[in-house]
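Shown below: protein.pdb, with PDB, C-alpha atoms, pLDDT in the B column.
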```
ATOM      1  CA  MET U   1     -12.962   6.433   4.595  1.00 70.00           C
ATOM      2  CA  VAL U   2     -11.975   3.229   2.828  1.00 81.00           C
ATOM      3  CA  PHE U   3      -8.366   2.030   2.788  1.00 87.00           C
ATOM      4  CA  LYS U   4      -7.169   0.108  -0.245  1.00 92.00           C
ATOM      5  CA  ILE U   5      -4.417  -2.348   0.550  1.00 92.00           C
ATOM      6  CA  VAL U   6      -2.621  -3.880  -2.435  1.00 93.00           C
ATOM      7  CA  VAL U   7      -0.922  -7.215  -1.697  1.00 92.00           C
ATOM      8  CA  SER U   8       1.689  -8.322  -4.256  1.00 91.00           C
ATOM      9  CA  ASP U   9       3.118 -11.820  -4.381  1.00 86.00           C
ATOM     10  CA  GLU U  10       5.524 -12.246  -7.301  1.00 83.00           C
ATOM     11  CA  GLU U  11       3.296 -11.737 -10.366  1.00 84.00           C
ATOM     12  CA  ILE U  12      -0.094 -11.894  -8.606  1.00 86.00           C
ATOM     13  CA  THR U  13      -1.660  -8.807  -7.049  1.00 91.00           C
ATOM     14  CA  HIS U  14      -4.814  -8.621  -4.938  1.00 91.00           C
ATOM     15  CA  GLN U  15      -6.614  -5.620  -3.498  1.00 91.00           C
ATOM     16  CA  ILE U  16      -8.345  -5.476  -0.111  1.00 89.00           C
ATOM     17  CA  GLU U  17     -10.715  -2.668   0.855  1.00 90.00           C
ATOM     18  CA  MET U  18     -11.058  -2.050   4.583  1.00 87.00           C
ATOM     19  CA  GLU U  19     -12.616   0.585   6.797  1.00 84.00           C
ATOM     20  CA  ASN U  20     -10.414   3.075   8.607  1.00 75.00           C
ATOM     21  CA  LYS U  21     -11.263   1.491  11.987  1.00 76.00           C
ATOM     22  CA  GLN U  22      -9.982  -1.922  10.891  1.00 77.00           C
ATOM     23  CA  VAL U  23      -6.495  -0.693   9.936  1.00 82.00           C
ATOM     24  CA  LYS U  24      -5.683   1.337  13.059  1.00 85.00           C
ATOM     25  CA  ALA U  25      -2.835  -1.129  13.723  1.00 86.00           C
ATOM     26  CA  LEU U  26      -1.075   0.089  10.548  1.00 89.00           C
ATOM     27  CA  MET U  27      -1.091   3.776  11.581  1.00 90.00           C
ATOM     28  CA  GLY U  28       2.411   5.012  12.302  1.00 92.00           C
ATOM     29  CA  LEU U  29       4.193   2.307  10.303  1.00 93.00           C
ATOM     30  CA  LYS U  30       6.714   3.456   7.681  1.00 95.00           C
ATOM     31  CA  ILE U  31       7.751   2.276   4.237  1.00 95.00           C
ATOM     32  CA  GLY U  32       9.955  -0.791   4.723  1.00 94.00           C
ATOM     33  CA  ASP U  33       8.297  -1.888   7.992  1.00 95.00           C
ATOM     34  CA  GLU U  34       6.977  -5.435   8.238  1.00 95.00           C
ATOM     35  CA  PHE U  35       3.710  -6.492   9.872  1.00 93.00           C
ATOM     36  CA  ASN U  36       1.603  -9.581  10.454  1.00 92.00           C
ATOM     37  CA  GLY U  37      -0.937 -10.263   7.697  1.00 89.00           C
ATOM     38  CA  GLY U  38      -3.465 -11.499  10.265  1.00 88.00           C
ATOM     39  CA  ILE U  39      -4.527  -7.857  10.649  1.00 86.00           C
ATOM     40  CA  LEU U  40      -5.859  -8.015   7.078  1.00 86.00           C
ATOM     41  CA  GLY U  41      -7.263 -11.535   7.350  1.00 85.00           C
ATOM     42  CA  LEU U  42      -4.230 -13.200   5.764  1.00 87.00           C
ATOM     43  CA  LYS U  43      -3.423 -15.821   8.386  1.00 87.00           C
ATOM     44  CA  GLY U  44       0.236 -16.871   8.436  1.00 89.00           C
ATOM     45  CA  TYR U  45       1.388 -14.131   6.044  1.00 91.00           C
ATOM     46  CA  LYS U  46       4.005 -11.504   6.785  1.00 93.00           C
ATOM     47  CA  LEU U  47       3.924  -8.322   4.663  1.00 93.00           C
ATOM     48  CA  ARG U  48       6.295  -5.402   4.052  1.00 96.00           C
ATOM     49  CA  ILE U  49       5.068  -1.904   3.180  1.00 95.00           C
ATOM     50  CA  SER U  50       6.526  -0.808  -0.160  1.00 95.00           C
ATOM     51  CA  GLY U  51       4.661   2.450  -0.757  1.00 94.00           C
ATOM     52  CA  GLY U  52       1.274   4.047  -1.143  1.00 94.00           C
ATOM     53  CA  SER U  53      -0.565   7.237  -1.978  1.00 94.00           C
ATOM     54  CA  ASP U  54      -2.727   9.756  -0.171  1.00 92.00           C
ATOM     55  CA  LYS U  55      -6.357  10.756  -0.751  1.00 91.00           C
ATOM     56  CA  ASN U  56      -5.315  13.302  -3.416  1.00 92.00           C
ATOM     57  CA  GLY U  57      -3.123  10.843  -5.337  1.00 92.00           C
ATOM     58  CA  PHE U  58       0.304  12.049  -4.188  1.00 94.00           C
ATOM     59  CA  PRO U  59       2.736   9.105  -3.833  1.00 94.00           C
ATOM     60  CA  MET U  60       4.587   8.246  -0.631  1.00 94.00           C
ATOM     61  CA  LYS U  61       8.355   8.650  -0.766  1.00 93.00           C
ATOM     62  CA  SER U  62      10.646   6.671   1.516  1.00 91.00           C
ATOM     63  CA  ASP U  63      13.200   9.424   2.166  1.00 90.00           C
ATOM     64  CA  ILE U  64      10.680  12.037   3.426  1.00 91.00           C
ATOM     65  CA  ASP U  65      10.175  11.507   7.167  1.00 93.00           C
ATOM     66  CA  GLY U  66       6.759  11.914   8.771  1.00 92.00           C
ATOM     67  CA  THR U  67       3.286  12.303   7.366  1.00 91.00           C
ATOM     68  CA  LYS U  68       3.641  15.715   5.750  1.00 92.00           C
ATOM     69  CA  ARG U  69       3.378  16.636   2.096  1.00 94.00           C
ATOM     70  CA  MET U  70       6.289  18.499   0.554  1.00 94.00           C
ATOM     71  CA  LYS U  71       7.799  19.384  -2.793  1.00 94.00           C
ATOM     72  CA  SER U  72      10.901  17.388  -3.630  1.00 91.00           C
ATOM     73  CA  LEU U  73      13.331  17.755  -6.530  1.00 93.00           C
ATOM     74  CA  VAL U  74      13.331  14.419  -8.341  1.00 92.00           C
ATOM     75  CA  ASP U  75      15.175  13.125 -11.391  1.00 92.00           C
ATOM     76  CA  GLY U  76      13.210   9.908 -11.817  1.00 90.00           C
ATOM     77  CA  GLY U  77      11.650   7.124  -9.844  1.00 88.00           C
ATOM     78  CA  ILE U  78       8.313   7.253  -8.063  1.00 86.00           C
ATOM     79  CA  GLY U  79       6.076  10.065  -9.282  1.00 85.00           C
ATOM     80  CA  PHE U  80       8.188  11.233 -12.237  1.00 90.00           C
ATOM     81  CA  LYS U  81       9.501   9.610 -15.410  1.00 93.00           C
ATOM     82  CA  PRO U  82      11.962  11.910 -17.233  1.00 94.00           C
ATOM     83  CA  THR U  83      11.742  12.100 -21.023  1.00 94.00           C
ATOM     84  CA  ARG U  84      15.436  12.868 -21.504  1.00 94.00           C
ATOM     85  CA  SER U  85      18.691  12.535 -19.587  1.00 94.00           C
ATOM     86  CA  GLY U  86      19.320  15.118 -16.859  1.00 93.00           C
ATOM     87  CA  LEU U  87      15.713  16.292 -16.612  1.00 95.00           C
ATOM     88  CA  ARG U  88      14.586  17.127 -13.046  1.00 95.00           C
ATOM     89  CA  ARG U  89      11.285  18.376 -11.654  1.00 94.00           C
ATOM     90  CA  ARG U  90       9.966  19.574  -8.342  1.00 95.00           C
ATOM     91  CA  LYS U  91       7.049  17.259  -7.483  1.00 94.00           C
ATOM     92  CA  THR U  92       4.765  17.081  -4.452  1.00 94.00           C
ATOM     93  CA  MET U  93       5.300  13.889  -2.450  1.00 95.00           C
ATOM     94  CA  ARG U  94       3.869  12.446   0.764  1.00 94.00           C
ATOM     95  CA  GLY U  95       6.029  11.362   3.729  1.00 94.00           C
ATOM     96  CA  ASN U  96       6.897   7.744   4.489  1.00 93.00           C
ATOM     97  CA  THR U  97       4.585   7.272   7.501  1.00 95.00           C
ATOM     98  CA  ILE U  98       1.022   5.929   7.277  1.00 93.00           C
ATOM     99  CA  ALA U  99      -1.604   8.352   8.626  1.00 90.00           C
ATOM    100  CA  ASP U 100      -5.328   9.060   8.160  1.00 88.00           C
ATOM    101  CA  ASP U 101      -4.669  10.911   4.882  1.00 89.00           C
ATOM    102  CA  ILE U 102      -3.291   7.793   3.174  1.00 91.00           C
ATOM    103  CA  SER U 103      -5.848   6.009   0.983  1.00 92.00           C
ATOM    104  CA  GLN U 104      -3.767   3.215  -0.587  1.00 94.00           C
ATOM    105  CA  ILE U 105      -1.003   1.088   0.889  1.00 94.00           C
ATOM    106  CA  ASN U 106       1.177  -1.156  -1.295  1.00 95.00           C
ATOM    107  CA  THR U 107       2.607  -4.279   0.332  1.00 94.00           C
ATOM    108  CA  VAL U 108       4.825  -7.194  -0.690  1.00 95.00           C
ATOM    109  CA  VAL U 109       4.588 -10.731   0.730  1.00 93.00           C
ATOM    110  CA  ILE U 110       7.637 -11.705   2.812  1.00 93.00           C
ATOM    111  CA  GLU U 111       6.405 -15.004   4.309  1.00 90.00           C
ATOM    112  CA  ARG U 112       3.547 -17.125   2.974  1.00 88.00           C
ATOM    113  CA  GLY U 113       0.867 -18.869   5.001  1.00 83.00           C
ATOM    114  CA  GLU U 114      -0.687 -22.288   4.507  1.00 84.00           C
ATOM    115  CA  GLN U 115      -3.216 -21.118   1.911  1.00 82.00           C
ATOM    116  CA  THR U 116      -2.322 -19.297  -1.279  1.00 84.00           C
ATOM    117  CA  LEU U 117      -3.581 -15.762  -1.840  1.00 85.00           C
ATOM    118  CA  THR U 118      -5.744 -16.967  -4.724  1.00 83.00           C
ATOM    119  CA  GLU U 119      -7.516 -19.440  -2.421  1.00 82.00           C
ATOM    120  CA  ILE U 120      -8.061 -16.825   0.279  1.00 83.00           C
ATOM    121  CA  PHE U 121      -9.481 -14.217  -2.093  1.00 81.00           C
ATOM    122  CA  SER U 122     -11.665 -16.719  -3.978  1.00 80.00           C
ATOM    123  CA  GLU U 123     -13.298 -17.682  -0.637  1.00 72.00           C
ATOM    124  CA  ASP U 124     -14.000 -14.000   0.092  1.00 65.00           C
ATOM    125  CA  ASN U 125     -15.619 -13.523  -3.314  1.00 60.00           C
ATOM    126  CA  GLU U 126     -17.820 -16.603  -2.820  1.00 60.00           C
ATOM    127  CA  GLU U 127     -19.018 -15.278   0.576  1.00 59.00           C
ATOM    128  CA  GLU U 128     -19.881 -11.882  -0.945  1.00 59.00           C
ATOM    129  CA  ASN U 129     -21.842 -13.530  -3.772  1.00 58.00           C
ATOM    130  CA  ASN U 130     -23.788 -15.677  -1.305  1.00 60.00           C
ATOM    131  CA  GLU U 131     -24.773 -12.617   0.764  1.00 60.00           C
ATOM    132  CA  GLU U 132     -26.246 -10.852  -2.269  1.00 57.00           C
TER     133      GLU U 132
END
```
The structure given in the file should be rewritten as structure tokens.
Amino acid sequence: MVFKIVVSDEEITHQIEMENKQVKALMGLKIGDEFNGGILGLKGYKLRISGGSDKNGFPMKSDIDGTKRMKSLVDGGIGFKPTRSGLRRRKTMRGNTIADDISQINTVVIERGEQTLTEIFSEDNEEENNEE
């Protein structure tokens, strides 16, 4: 299964696709945890997990502990946008811990490395084009 890791730095967002074996170091981390970007090939970067979604599209919610899926009563925020004041819905959400069922992880840059993200990702694209 392919993991999609979205790296956001201010207004720029890049997406990395990695195999499940390559992101074993991220298993068990929770929303709000910080990790070294070297795991993803971003030397010198430090990233914080800000959210994600599972293989069926259910969003991760920071106040649900564990990896389970459960229905939560929400009045706005992630997974539900109310159309009028006071509207609440029971929506299915995923827990805050990364497991095998998670397909996308959203991260935010905390510390930058020597190269910019644009430089790093342009080098990757050039290598892929040369291989084809």
Output check: residues returned by the PyMOL selection byres ((chain U and resi 57) around 12), as a PDB file with C-alpha atoms, in the coordinates of the input:
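What ended up in expr_3.pdb:
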```
ATOM      1  CA  GLY U  52       1.274   4.047  -1.143  1.00 94.00           C
ATOM      2  CA  SER U  53      -0.565   7.237  -1.978  1.00 94.00           C
ATOM      3  CA  ASP U  54      -2.727   9.756  -0.171  1.00 92.00           C
ATOM      4  CA  LYS U  55      -6.357  10.756  -0.751  1.00 91.00           C
ATOM      5  CA  ASN U  56      -5.315  13.302  -3.416  1.00 92.00           C
ATOM      6  CA  PHE U  58       0.304  12.049  -4.188  1.00 94.00           C
ATOM      7  CA  PRO U  59       2.736   9.105  -3.833  1.00 94.00           C
ATOM      8  CA  MET U  60       4.587   8.246  -0.631  1.00 94.00           C
ATOM      9  CA  ARG U  69       3.378  16.636   2.096  1.00 94.00           C
ATOM     10  CA  GLY U  79       6.076  10.065  -9.282  1.00 85.00           C
ATOM     11  CA  THR U  92       4.765  17.081  -4.452  1.00 94.00           C
ATOM     12  CA  MET U  93       5.300  13.889  -2.450  1.00 95.00           C
ATOM     13  CA  ARG U  94       3.869  12.446   0.764  1.00 94.00           C
ATOM     14  CA  ASP U 101      -4.669  10.911   4.882  1.00 89.00           C
ATOM     15  CA  ILE U 102      -3.291   7.793   3.174  1.00 91.00           C
ATOM     16  CA  SER U 103      -5.848   6.009   0.983  1.00 92.00           C
ATOM     17  CA  GLN U 104      -3.767   3.215  -0.587  1.00 94.00           C
ATOM     18  CA  ILE U 105      -1.003   1.088   0.889  1.00 94.00           C
TER      19      ILE U 105
END
```
> Quick one: which residues end up in the PyMOL selection byres ((chain U and resi 9-15) around 12) for this structure, as a PyMOL selection string?
Replying inline: chain U and resi 3-8+16-18+40+42+45-48+104-113+116-122+124-125
Can those selected residues be exported to a file as a compact mmCIF listing (two decimals), keeping the file's coordinate frame so that it contains C-alpha atoms?
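Final output, saved to result_15.txt:
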```
# COMPACT_ATOMS: atom_id res chain seq x y z
CA PHE U 3 -8.37 2.03 2.79
CA LYS U 4 -7.17 0.11 -0.24
CA ILE U 5 -4.42 -2.35 0.55
CA VAL U 6 -2.62 -3.88 -2.44
CA VAL U 7 -0.92 -7.22 -1.70
CA SER U 8 1.69 -8.32 -4.26
CA ILE U 16 -8.35 -5.48 -0.11
CA GLU U 17 -10.72 -2.67 0.86
CA MET U 18 -11.06 -2.05 4.58
CA LEU U 40 -5.86 -8.02 7.08
CA LEU U 42 -4.23 -13.20 5.76
CA TYR U 45 1.39 -14.13 6.04
CA LYS U 46 4.00 -11.50 6.78
CA LEU U 47 3.92 -8.32 4.66
CA ARG U 48 6.30 -5.40 4.05
CA GLN U 104 -3.77 3.22 -0.59
CA ILE U 105 -1.00 1.09 0.89
CA ASN U 106 1.18 -1.16 -1.30
CA THR U 107 2.61 -4.28 0.33
CA VAL U 108 4.82 -7.19 -0.69
CA VAL U 109 4.59 -10.73 0.73
CA ILE U 110 7.64 -11.70 2.81
CA GLU U 111 6.40 -15.00 4.31
CA ARG U 112 3.55 -17.12 2.97
CA GLY U 113 0.87 -18.87 5.00
CA THR U 116 -2.32 -19.30 -1.28
CA LEU U 117 -3.58 -15.76 -1.84
CA THR U 118 -5.74 -16.97 -4.72
CA GLU U 119 -7.52 -19.44 -2.42
CA ILE U 120 -8.06 -16.82 0.28
CA PHE U 121 -9.48 -14.22 -2.09
CA SER U 122 -11.66 -16.72 -3.98
CA ASP U 124 -14.00 -14.00 0.09
CA ASN U 125 -15.62 -13.52 -3.31
```
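In this structure, CA of Asp75 in chain U sits 9.9 Å away from CA of Lys91 in chain U.
In this structure, CA of Arg88 in chain U sits 12.5 Å away from CA of Lys71 in chain U.
Separating CA of Ile39 in chain U from CA of Lys68 in chain U is a distance of 25.4 Å.
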Would you mind putting N, CA, C and O atoms back on range 70-87 of chain U and writing the result as an mmCIF file, keeping the file's coordinate frame?
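That gives us rebuild.cif:
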```cif
data_model
loop_
_atom_site.group_PDB
_atom_site.id
_atom_site.type_symbol
_atom_site.label_atom_id
_atom_site.label_comp_id
_atom_site.auth_asym_id
_atom_site.auth_seq_id
_atom_site.Cartn_x
_atom_site.Cartn_y
_atom_site.Cartn_z
ATOM 1 N N MET U 70 5.313 17.469 0.900
ATOM 2 C CA MET U 70 6.289 18.499 0.554
ATOM 3 C C MET U 70 6.736 18.348 -0.891
ATOM 4 O O MET U 70 6.573 17.302 -1.493
ATOM 5 N N LYS U 71 7.292 19.419 -1.422
ATOM 6 C CA LYS U 71 7.799 19.384 -2.793
ATOM 7 C C LYS U 71 9.248 18.923 -2.746
ATOM 8 O O LYS U 71 10.045 19.437 -1.974
ATOM 9 N N SER U 72 9.571 17.969 -3.600
ATOM 10 C CA SER U 72 10.901 17.388 -3.630
ATOM 11 C C SER U 72 11.426 17.426 -5.063
ATOM 12 O O SER U 72 10.684 17.188 -6.014
ATOM 13 N N LEU U 73 12.706 17.733 -5.213
ATOM 14 C CA LEU U 73 13.331 17.755 -6.530
ATOM 15 C C LEU U 73 13.723 16.328 -6.901
ATOM 16 O O LEU U 73 14.526 15.702 -6.223
ATOM 17 N N VAL U 74 13.103 15.810 -7.948
ATOM 18 C CA VAL U 74 13.331 14.419 -8.341
ATOM 19 C C VAL U 74 13.851 14.351 -9.774
ATOM 20 O O VAL U 74 13.544 15.200 -10.610
ATOM 21 N N ASP U 75 14.651 13.326 -10.037
ATOM 22 C CA ASP U 75 15.175 13.125 -11.391
ATOM 23 C C ASP U 75 14.761 11.762 -11.945
ATOM 24 O O ASP U 75 15.351 11.255 -12.878
ATOM 25 N N GLY U 76 13.729 11.193 -11.372
ATOM 26 C CA GLY U 76 13.210 9.908 -11.817
ATOM 27 C C GLY U 76 12.707 9.115 -10.634
ATOM 28 O O GLY U 76 12.797 9.551 -9.489
ATOM 29 N N GLY U 77 12.156 7.976 -10.908
ATOM 30 C CA GLY U 77 11.650 7.124 -9.844
ATOM 31 C C GLY U 77 10.163 7.316 -9.630
ATOM 32 O O GLY U 77 9.424 7.629 -10.552
ATOM 33 N N ILE U 78 9.726 7.178 -8.398
ATOM 34 C CA ILE U 78 8.313 7.253 -8.063
ATOM 35 C C ILE U 78 7.784 8.665 -8.290
ATOM 36 O O ILE U 78 8.344 9.635 -7.804
ATOM 37 N N GLY U 79 6.729 8.783 -9.067
ATOM 38 C CA GLY U 79 6.076 10.065 -9.282
ATOM 39 C C GLY U 79 6.573 10.875 -10.460
ATOM 40 O O GLY U 79 5.974 11.885 -10.813
ATOM 41 N N PHE U 80 7.667 10.467 -11.104
ATOM 42 C CA PHE U 80 8.188 11.233 -12.237
ATOM 43 C C PHE U 80 9.043 10.349 -13.128
ATOM 44 O O PHE U 80 9.972 9.700 -12.668
ATOM 45 N N LYS U 81 8.726 10.350 -14.409
ATOM 46 C CA LYS U 81 9.501 9.610 -15.410
ATOM 47 C C LYS U 81 10.071 10.615 -16.402
ATOM 48 O O LYS U 81 9.345 11.155 -17.232
ATOM 49 N N PRO U 82 11.374 10.908 -16.337
ATOM 50 C CA PRO U 82 11.962 11.910 -17.233
ATOM 51 C C PRO U 82 11.956 11.448 -18.692
ATOM 52 O O PRO U 82 12.105 10.266 -18.980
ATOM 53 N N THR U 83 11.778 12.419 -19.594
ATOM 54 C CA THR U 83 11.742 12.100 -21.023
ATOM 55 C C THR U 83 13.115 12.168 -21.671
ATOM 56 O O THR U 83 13.309 11.671 -22.773
ATOM 57 N N ARG U 84 14.060 12.823 -20.983
ATOM 58 C CA ARG U 84 15.436 12.868 -21.504
ATOM 59 C C ARG U 84 16.416 12.878 -20.343
ATOM 60 O O ARG U 84 16.042 13.141 -19.203
ATOM 61 N N SER U 85 17.659 12.625 -20.615
ATOM 62 C CA SER U 85 18.691 12.535 -19.587
ATOM 63 C C SER U 85 18.930 13.898 -18.928
ATOM 64 O O SER U 85 18.993 14.925 -19.601
ATOM 65 N N GLY U 86 19.026 13.892 -17.600
ATOM 66 C CA GLY U 86 19.320 15.118 -16.859
ATOM 67 C C GLY U 86 18.112 15.947 -16.488
ATOM 68 O O GLY U 86 18.241 16.960 -15.808
ATOM 69 N N LEU U 87 16.926 15.547 -16.900
ATOM 70 C CA LEU U 87 15.713 16.292 -16.612
ATOM 71 C C LEU U 87 15.302 16.083 -15.153
ATOM 72 O O LEU U 87 15.275 14.954 -14.662
#
```
